[in-house]
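**Student:** Quick one: structure below, then a few questions.
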Amino acid sequence: MRPEVRKCLISEVCLTPEQADIYLLVNVEGRMDPPGMAARLGITPEDARRLADSLVDIGGFIEYGQTRYEAMHPRFTAVNMYRRMCERRGVPFGRNKDVDNIGVELERPYEDARTNMAGRESQ
């Protein structure tokens with residue numbers, strides 16, 4: 001995944017750098033709990049939960065049970081988070097090629113993580 005994806009999440013979707021890191025981590029690694037996020041990113045589990053909850057609020061994640069978070073398909077969530085940002089800021093929503101490219105860039109790692117996760121869960 002190219003570093004431009006993180007930059008675009010911050011500049012176009014208006015995520016904080018920390019939200020972008022959590023969003024990318026769960027997209028690429030698969031369903032995860034806050035302690036797992038925290039360990040991977042060097043933050044506290046409380047901060048990881050707060051950041052993940054904020055991504056649920058803006059349409060980037062769904063809460064899976066009460067302890068884990070999952071990203072929905074990135075082609076959907078990137079545009080969904082962008083649409084919600086436009087609504088919050090009162091700016092017209094329209095097609096944004098950079099935001100569309102987030103989903104394109106994350107699609108393969110997203111699908112690979114879910115394929116690998118399904119194999120681990122069936123063992």
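Residues in the structure tokens are named by chain (A, B, ... in the order shown) and by number from 1 within that chain; ligands are numbered from 1 in the order shown.
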Would you mind listing what lies within 12 Å of Leu25 (chain A) as a PyMOL selection string, with only C-alpha atoms counted and same-chain residues fewer than 2 positions away left out?

**Tutor:** chain A and resi 1+6+18-23+27-34+36-41+48+52+61+69-71+106+109-110+113

**Student:** Tell me, which residues of chain A carry DSSP helix (DSSP H, G or I), written as a PyMOL selection string?

**Tutor:** chain A and resi 3-11+17-29+34-41+45-57+74-89+97-121

**Student:** Just list the residues in region 27-85 of chain A DSSP gives strand (DSSP E) on the backbone, as an NGL selection string.

**Tutor:** :A and (61-64 or 68-71)

**Student:** Include C-alpha atoms and write out the residues we just selected as a tab-separated table (two decimals), in the first residue's frame.

**Tutor:**
chain	number	residue	atom	x	y	z
A	61	PHE	CA	-15.90	0.45	11.00
A	62	ILE	CA	-18.57	-1.74	12.43
A	63	GLU	CA	-18.35	-3.07	15.94
A	64	TYR	CA	-18.13	-6.84	15.85
A	68	ARG	CA	-13.72	-6.20	18.20
A	69	TYR	CA	-13.91	-3.93	15.20
A	70	GLU	CA	-14.12	-4.70	11.52
A	71	ALA	CA	-13.73	-2.53	8.47

**Student:** So the first atom is CA of Asn101 (chain A) and the second is CA of Ala78 (chain A); what is the distance between them in Å, to one decimal place?

**Tutor:** 8.9 Å

**Student:** Set the distance at 8 Å and use only C-alpha atoms: which residues neighbour Gly59 (chain A) once local chain neighbours fewer than 3 positions away are removed? I'd like the list as number ranges by chain.

**Tutor:** A: 55-56, 62, 77, 80-81, 84

**Student:** Suppose we keep C-alpha atoms; can you now write the selection as a compact mmCIF listing (two decimals), in the first residue's frame?

**Tutor:**
# COMPACT_ATOMS: atom_id res chain seq x y z
CA LEU A 55 -14.48 5.37 13.06
CA VAL A 56 -17.74 3.56 13.80
CA ILE A 62 -18.57 -1.74 12.43
CA THR A 77 -16.26 3.05 3.44
CA ASN A 80 -19.07 6.86 2.97
CA MET A 81 -16.61 8.58 5.31
CA ARG A 84 -20.22 12.18 6.06

**Student:** So that I can see what lies close to Val99 (chain A), please list as a ChimeraX atom specification the residues with an atom at most 10 Å from it, counting only C-alpha atoms and leaving out residues fewer than 5 positions away in the same chain.

**Tutor:** /A:5,8-9,11-13,75,77-82,104

**Student:** So what do you get for CA of Asn116 (chain A) versus CA of Gly42 (chain A), distance-wise?

**Tutor:**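 Separation of CA of Asn116 (chain A) and CA of Gly42 (chain A): 24.0 Å.
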
**Student:** Between A:Thr16, A:Lys97, A:Val91, A:Met72, which residue has the minimum interatomic distance to Ser54 (chain A), considering only C-alpha atoms?

**Tutor:**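 Of all the options, A:Thr16 lies closest to Ser54 (chain A).
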
**Student:** When you count only C-alpha atoms, which of these residues is closest to Ile10 (chain A): A:Thr44, A:Gly65, A:Asp98, A:Thr115?

**Tutor:**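 Closest to Ile10 (chain A) of all the choices is A:Asp98.
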
**Student:** In Å, with one decimal, what is the gap from CA of Pro17 (chain A) to CA of Asp112 (chain A)?

**Tutor:**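 Computing it gives 24.1 Å between the two atoms.
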